[in-house]
Structure formats: C-alpha cells, structure tokens
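Take a look at the structure below.
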Amino acid sequence: MATPLEAVQTALAWFQNNVPVGTLARTTYGALAYSTGNNQKVLLIATAGAGANGITGTMIDALQTHLNGNNAGDHAVAGCANTMAPPGVWHMNDAERQLMRTAELAVQEGSSLAPAGALGAIGATRVFCGSCQHFVLPHFTHTAHNRLAWN
Ligand SMILES: [Zn+2]
C-alpha cells in the first residue's frame, strides 16, 4: 500500500529517469494522488511547457507498470483530462493547475450515494511558480521544496 506521497514521488522519479533531459528542461511533469469517495486511489499526471507533447497512453501504461513494481500499484494512473485554460488567464494551463482542476472535480462531490474523496499529494518536476504556489499549495497541509505538497 503506497501512501499518496509515495505514489507521487515514484512518478516524479520515473519522469526524471525516463524523459529525455532536453525535454525535461523545457517541460514540467506533475502528478497528483487522490482517493475517490468509494476509496479508489488515482494518480493523475499532467505536463505543460514548451516541450510538452501531452500525456500518451504509452506513458500511462509504462508508469503504471513501474508503480506496480514499486509498491504503488494500488494507484491507477490516469492522464489529466482538463487541460483547457480560460483565455487570458496566466498559469491556468500549468501542470499543477491542470491537476488541481481535474482532481477537485473528482473529490468534491459528496452525497449519500457517493461520499467525497480526498486530495492526497501533488508534486512537479520543477519548482511551483508563484501562481501555482498561491492557488495549489493551500489545498495541502505540508510542503517540501515548493515542488511537493501533501496532506
Ligand atoms: Zn505554475
């Protein structure tokens, strides 16, 4: 059983070991672990930046295999689906903000049929920008190095 933080850290290490250095320099990869109301564990991944080519099915499959072999396979890897930023709003398409928009929708709805889920941890392969610090980090209790936050 991996904690949300362990799942995120495993994903970040995988990005850093499997994405070409030149792409990593121009691209942010991010991961956010959350649980749904019926206790499904999900690891969302997103990418943004000049080198970003999106999250592919091949990448999702490879990361899932890696998680399965690293005690974090209780988290199902999913690509971030919510990549469209409102026009004129800076940083809304940053990987961290994509992750937050998608995860908030997944965990916020609570009812007798579907209790609310919970955010677990978020991280990125580079330091969060000021905008992401302001809008993302307050959703988490602990922060380390401004590129990792967890509850
Ligand atoms: Zn940002």
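Simple scheme: letters A, B, ... for chains in structure tokens order, numbers from 1 for residues in each chain, numbers from 1 for ligands in the order shown.
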Distance limit 9 Å, reference ligand 1, atoms considered: only C-alpha atoms and all ligand atoms. Which residues make the cut? Give them as an mmCIF file with C-alpha atoms, in the first residue's frame.
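Written file, out-v9.cif:
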data_model
loop_
_atom_site.group_PDB
_atom_site.id
_atom_site.type_symbol
_atom_site.label_atom_id
_atom_site.label_comp_id
_atom_site.auth_asym_id
_atom_site.auth_seq_id
_atom_site.Cartn_x
_atom_site.Cartn_y
_atom_site.Cartn_z
ATOM 1 C CA TRP A 90 -1.886 33.061 -16.934
ATOM 2 C CA HIS A 91 -0.637 29.783 -15.488
ATOM 3 C CA MET A 92 -4.034 28.054 -15.657
ATOM 4 C CA ASN A 93 -2.530 25.522 -18.035
ATOM 5 C CA ASP A 94 0.472 24.792 -15.836
ATOM 6 C CA ALA A 95 0.661 21.091 -14.992
ATOM 7 C CA GLU A 96 -0.095 21.786 -11.332
ATOM 8 C CA ARG A 97 -3.244 23.753 -12.163
ATOM 9 C CA VAL A 127 9.547 24.398 -8.522
ATOM 10 C CA PHE A 128 5.960 25.633 -8.499
ATOM 11 C CA CYS A 129 5.588 29.127 -9.973
ATOM 12 C CA GLY A 130 4.154 31.895 -7.766
ATOM 13 C CA SER A 131 0.674 31.446 -9.196
ATOM 14 C CA CYS A 132 0.658 27.713 -8.513
ATOM 15 C CA GLN A 133 2.030 28.284 -5.032
ATOM 16 C CA VAL A 136 -2.455 24.950 -5.253
#
Segment 25-123 of chain A: residues DSSP assigns to helix (DSSP H, G or I), reported as a ChimeraX atom specification: /A:25-26,57-68,95-108
Residues of the last selection are to be written out with C-alpha atoms, as a compact mmCIF listing (two decimals), in the first residue's frame.
# COMPACT_ATOMS: atom_id res chain seq x y z
CA ALA A 25 14.48 21.15 -19.19
CA ARG A 26 11.60 22.69 -21.18
CA GLY A 57 -1.34 6.10 -23.40
CA THR A 58 2.13 4.64 -23.76
CA MET A 59 3.39 6.85 -20.94
CA ILE A 60 0.42 5.96 -18.72
CA ASP A 61 0.97 2.24 -19.31
CA ALA A 62 4.71 2.47 -18.65
CA LEU A 63 4.23 4.46 -15.45
CA GLN A 64 1.52 2.06 -14.26
CA THR A 65 3.88 -0.87 -14.78
CA HIS A 66 6.56 1.00 -12.84
CA LEU A 67 4.15 1.74 -9.98
CA ASN A 68 3.03 -1.88 -9.91
CA ALA A 95 0.66 21.09 -14.99
CA GLU A 96 -0.10 21.79 -11.33
CA ARG A 97 -3.24 23.75 -12.16
CA GLN A 98 -4.46 21.12 -14.65
CA LEU A 99 -4.07 18.53 -11.92
CA MET A 100 -5.91 20.62 -9.33
CA ARG A 101 -8.86 21.38 -11.62
CA THR A 102 -9.27 17.73 -12.52
CA ALA A 103 -8.78 16.37 -9.02
CA GLU A 104 -11.07 18.90 -7.36
CA LEU A 105 -13.90 17.80 -9.64
CA ALA A 106 -13.16 14.17 -8.77
CA VAL A 107 -13.16 14.59 -4.99
CA GLN A 108 -15.56 17.46 -4.24
Long-range neighbours of Gly22 of chain A as an NGL selection string, 12 Å cut-off, only C-alpha atoms, 6 positions minimum in chain: :A and (16 or 28 or 50-52)
Mind writing the picked residues with N, CA and C atoms as an mmCIF file, in the first residue's frame?
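result_21.cif written:
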data_model
loop_
_atom_site.group_PDB
_atom_site.id
_atom_site.type_symbol
_atom_site.label_atom_id
_atom_site.label_comp_id
_atom_site.auth_asym_id
_atom_site.auth_seq_id
_atom_site.Cartn_x
_atom_site.Cartn_y
_atom_site.Cartn_z
ATOM 1 N N GLN A 16 11.796 11.714 -14.238
ATOM 2 C CA GLN A 16 13.167 12.191 -14.322
ATOM 3 C C GLN A 16 14.095 11.131 -14.893
ATOM 4 N N THR A 28 7.351 20.773 -17.718
ATOM 5 C CA THR A 28 7.018 20.358 -16.354
ATOM 6 C C THR A 28 6.150 19.113 -16.414
ATOM 7 N N ALA A 50 7.065 24.334 -22.944
ATOM 8 C CA ALA A 50 7.443 24.425 -24.357
ATOM 9 C C ALA A 50 7.714 23.060 -24.967
ATOM 10 N N GLY A 51 8.163 22.109 -24.162
ATOM 11 C CA GLY A 51 8.483 20.790 -24.683
ATOM 12 C C GLY A 51 7.360 19.785 -24.521
ATOM 13 N N ALA A 52 6.206 20.237 -24.038
ATOM 14 C CA ALA A 52 5.124 19.308 -23.693
ATOM 15 C C ALA A 52 4.479 18.724 -24.938
#
Gap from atom CA of His142 of chain A to atom CA of Ile122 of chain A - Å, one decimal: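 Atom-to-atom, atom CA of His142 of chain A and atom CA of Ile122 of chain A are spaced 10.4 Å apart.
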Atom-to-atom span, atom CA of Ala11 of chain A and atom CA of Asn146 of chain A, Å: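 Atom-to-atom, atom CA of Ala11 of chain A to atom CA of Asn146 of chain A, that is 16.8 Å.
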Secondary structure check, strand (DSSP E or B) residues of segment 27-64 of chain A, as a PyMOL selection string: chain A and resi 27-35+41-49
Using only C-alpha atoms: which of A:Leu24, A:Ala33, A:Ala114, A:Ala149 has the shortest distance to Arg126 of chain A: A:Leu24
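Minimum atom-to-atom distances from A:Val19, A:Gln40, A:Gly79, A:Arg147 to Thr56 of chain A were compared using only C-alpha atoms, and the lowest value belongs to A:Gly79.
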Shortest interatomic distance to Asn70 of chain A - which of A:Leu44, A:Ala13, A:Thr141, A:Leu148, counting only C-alpha atoms: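 Among the listed residues, A:Ala13 lies closest to Asn70 of chain A.
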